[in-house]
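The file final.pdb contains PDB, C-alpha atoms:
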ATOM      1  CA  MET N   1      36.710   9.611  13.441
ATOM      2  CA  ASN N   2      33.428   7.947  12.561
ATOM      3  CA  TRP N   3      32.626   9.202   9.051
ATOM      4  CA  ILE N   4      29.091   8.956   7.646
ATOM      5  CA  ASP N   5      27.965   9.775   4.104
ATOM      6  CA  ILE N   6      25.490  12.675   4.013
ATOM      7  CA  GLY N   7      25.241  13.427   0.301
ATOM      8  CA  ALA N   8      26.900  14.334  -2.965
ATOM      9  CA  VAL N   9      28.824  17.546  -3.537
ATOM     10  CA  ALA N  10      26.961  17.928  -6.854
ATOM     11  CA  ASP N  11      23.638  18.159  -4.962
ATOM     12  CA  ILE N  12      24.646  21.532  -3.502
ATOM     13  CA  PRO N  13      24.728  24.483  -5.920
ATOM     14  CA  LEU N  14      28.013  26.382  -6.151
ATOM     15  CA  ARG N  15      27.944  29.236  -3.578
ATOM     16  CA  GLY N  16      24.763  27.710  -2.179
ATOM     17  CA  ALA N  17      23.577  25.581   0.701
ATOM     18  CA  ARG N  18      21.456  22.569   1.558
ATOM     19  CA  ILE N  19      20.238  20.903   4.737
ATOM     20  CA  ALA N  20      21.484  17.394   5.489
ATOM     21  CA  LYS N  21      19.633  15.101   7.844
ATOM     22  CA  THR N  22      22.054  13.269  10.103
ATOM     23  CA  PRO N  23      21.403  10.686  12.823
ATOM     24  CA  VAL N  24      21.630  13.488  15.394
ATOM     25  CA  GLY N  25      19.770  16.274  13.601
ATOM     26  CA  CYS N  26      19.935  18.629  10.635
ATOM     27  CA  ILE N  27      23.187  20.302   9.584
ATOM     28  CA  ALA N  28      23.658  23.030   6.962
ATOM     29  CA  LEU N  29      26.115  22.291   4.145
ATOM     30  CA  PHE N  30      27.662  25.245   2.320
ATOM     31  CA  ARG N  31      29.437  24.791  -1.027
ATOM     32  CA  THR N  32      31.970  27.565  -1.456
ATOM     33  CA  GLY N  33      33.927  26.113  -4.379
ATOM     34  CA  PRO N  34      33.806  23.238  -6.868
ATOM     35  CA  ASP N  35      35.228  20.778  -4.304
ATOM     36  CA  GLU N  36      34.910  22.833  -1.103
ATOM     37  CA  VAL N  37      32.072  22.223   1.358
ATOM     38  CA  PHE N  38      31.607  23.318   4.966
ATOM     39  CA  ALA N  39      29.203  21.934   7.562
ATOM     40  CA  ALA N  40      27.724  24.148  10.275
ATOM     41  CA  SER N  41      24.701  24.865  12.391
ATOM     42  CA  ASP N  42      21.748  26.184  10.400
ATOM     43  CA  ARG N  43      20.671  28.697  13.062
ATOM     44  CA  CYS N  44      22.086  32.173  13.588
ATOM     45  CA  PRO N  45      22.688  32.815  17.315
ATOM     46  CA  HIS N  46      21.302  36.345  16.946
ATOM     47  CA  LYS N  47      17.658  35.692  16.008
ATOM     48  CA  GLY N  48      17.666  32.057  14.873
ATOM     49  CA  GLY N  49      17.756  32.893  11.175
ATOM     50  CA  PRO N  50      18.138  29.939   8.774
ATOM     51  CA  LEU N  51      21.738  30.252   7.587
ATOM     52  CA  SER N  52      21.123  27.741   4.791
ATOM     53  CA  GLU N  53      18.949  30.454   3.209
ATOM     54  CA  GLY N  54      21.703  33.064   3.530
ATOM     55  CA  ILE N  55      24.229  34.340   1.017
ATOM     56  CA  VAL N  56      27.384  32.233   0.617
ATOM     57  CA  HIS N  57      30.432  34.323  -0.321
ATOM     58  CA  GLY N  58      34.082  33.370  -0.104
ATOM     59  CA  GLN N  59      34.252  31.063   2.917
ATOM     60  CA  LYS N  60      31.505  32.915   4.741
ATOM     61  CA  VAL N  61      27.715  32.963   5.004
ATOM     62  CA  THR N  62      25.507  35.985   5.691
ATOM     63  CA  CYS N  63      22.352  35.458   7.743
ATOM     64  CA  PRO N  64      19.228  36.299   5.714
ATOM     65  CA  LEU N  65      17.517  38.052   8.650
ATOM     66  CA  HIS N  66      19.967  40.638   9.970
ATOM     67  CA  ASN N  67      23.103  40.326   7.822
ATOM     68  CA  TRP N  68      25.390  38.783  10.436
ATOM     69  CA  VAL N  69      28.392  37.222   8.656
ATOM     70  CA  PHE N  70      29.995  33.971   9.852
ATOM     71  CA  ASP N  71      33.348  32.468   8.905
ATOM     72  CA  LEU N  72      32.621  28.874   7.854
ATOM     73  CA  ASN N  73      36.103  27.744   8.943
ATOM     74  CA  THR N  74      35.715  28.814  12.569
ATOM     75  CA  GLY N  75      32.015  29.640  12.985
ATOM     76  CA  GLN N  76      32.978  33.033  14.401
ATOM     77  CA  ALA N  77      30.826  36.091  13.625
ATOM     78  CA  GLN N  78      32.723  38.751  11.693
ATOM     79  CA  GLY N  79      33.035  42.490  12.294
ATOM     80  CA  ALA N  80      31.464  44.042  15.378
ATOM     81  CA  ASP N  81      28.956  41.200  15.814
ATOM     82  CA  GLU N  82      29.657  38.753  18.619
ATOM     83  CA  GLY N  83      28.564  35.170  18.368
ATOM     84  CA  LYS N  84      29.516  31.835  16.965
ATOM     85  CA  ILE N  85      27.903  28.935  15.134
ATOM     86  CA  GLU N  86      28.932  25.306  15.464
ATOM     87  CA  THR N  87      31.088  23.926  12.654
ATOM     88  CA  TYR N  88      31.637  20.233  11.946
ATOM     89  CA  PRO N  89      34.537  18.304  10.364
ATOM     90  CA  ILE N  90      33.835  16.927   6.912
ATOM     91  CA  CYS N  91      35.811  15.360   4.117
ATOM     92  CA  ILE N  92      35.034  14.805   0.470
ATOM     93  CA  LYS N  93      35.726  11.410  -1.036
ATOM     94  CA  GLU N  94      34.851  10.490  -4.608
ATOM     95  CA  GLY N  95      32.343  13.336  -4.836
ATOM     96  CA  ARG N  96      30.568  12.378  -1.594
ATOM     97  CA  ILE N  97      30.433  14.468   1.580
ATOM     98  CA  LEU N  98      31.373  12.628   4.752
ATOM     99  CA  ILE N  99      30.806  14.147   8.190
ATOM    100  CA  ASP N 100      32.315  13.078  11.500
ATOM    101  CA  ALA N 101      29.332  11.657  13.389
ATOM    102  CA  ASP N 102      31.199  11.659  16.707
ATOM    103  CA  SER N 103      31.758  15.427  16.587
ATOM    104  CA  ILE N 104      28.055  16.017  15.913
ATOM    105  CA  ARG N 105      27.041  13.798  18.823
ATOM    106  CA  ASN N 106      29.572  15.427  21.170
ATOM    107  CA  ARG N 107      28.495  18.975  20.294
ATOM    108  CA  SER N 108      24.774  18.253  20.354
ATOM    109  CA  ALA N 109      25.142  16.720  23.827
ATOM    110  CA  ALA N 110      26.929  19.799  25.189
TER     111      ALA N 110
END
Using structure tokens, write down the structure from this file.
Amino acid sequence: MNWIDIGAVADIPLRGARIAKTPVGCIALFRTGPDEVFAASDRCPHKGGPLSEGIVHGQKVTCPLHNWVFDLNTGQAQGADEGKIETYPICIKEGRILIDADSIRNRSAA
């Protein structure tokens, strides 16, 4: 994997989100716990809502426009809603968030 540094865990509020600019576009980062961060697409597949402005709860995010809920582990919509958001591998090292640049490039090219 080709890891790139995209920011500090401390820059994301607990149960909050931020946008990270990567070499291949913007990715939403969701902090679900003190040392737990997920990376995913910022756009809801339903109406394009900005997921980074949604409510982070457990390991899920709720779209601010129409309340679709997405599992941040899989990207899968929950309940009766059908849809999926892209998720990206990350790791945390010494308080920094590293994202796999190759996975972003591969998914953005698809």
Next on the checklist: Set the distance at 9 Å and use all atoms listed in the file: which residues neighbour N:Val9 once local chain neighbours fewer than 5 positions away are removed? I'd like the list as a list in words.
Outcome noted: Arg31, Pro34, Asp35, Glu36, Val37, Ile92, Gly95, Arg96 and Ile97 of chain N
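Here the selection is built from all atoms listed in the file, and the residues within 10 Å of (27.6, 32.5, 18.1) turn out to be Ser41, Arg43, Cys44, Pro45, His46, Phe70, Gly75, Gln76, Ala77, Asp81, Glu82, Gly83, Lys84, Ile85 and Glu86 of chain N.
Closest approach to N:Tyr88 from the set N:Met1, N:Ile55, N:Ile19, N:Ala40 is made by N:Ala40, with distances taken over only C-alpha atoms.
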Item to check | Residues in the PyMOL selection byres ((chain N and resi 53) around 10), expressed as a ChimeraX atom specification | outcome: /N:16-19,28,42,49-52,54-56,61-65
Checklist entry - For the atom pair atom CA of N:Ile99 and atom CA of N:Asn2, what is the interatomic distance in Å to one decimal place? => result 8.0 Å
Next on the checklist: Please determine, counting all atoms listed in the file, which residue among N:Asn67, N:Lys47, N:Ile4, N:Gly33 has the shortest atom-to-atom distance to N:Pro89.
Outcome noted: N:Ile4
Checklist outcome for this item: Expressed in Å, the length from atom CA of N:Leu72 to atom CA of N:Ala39 is 7.7 Å
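Going from atom CA of N:Ile6 to atom CA of N:Gly25 covers 11.7 Å.
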Mind giving me the axis-aligned box for stretch 4-15 of chain N with 5 Å on every side, centre plus edges in Å to one decimal, as AutoDock Vina command-line options?
--center_x 26.4 --center_y 19.1 --center_z 0.4 --size_x 15.5 --size_y 30.3 --size_z 24.5
Next on the checklist: With distances taken over only C-alpha atoms, which residue among N:Pro23, N:Leu29, N:Ala80, N:Ala8 lies nearest N:Ser103?
Outcome noted: N:Pro23
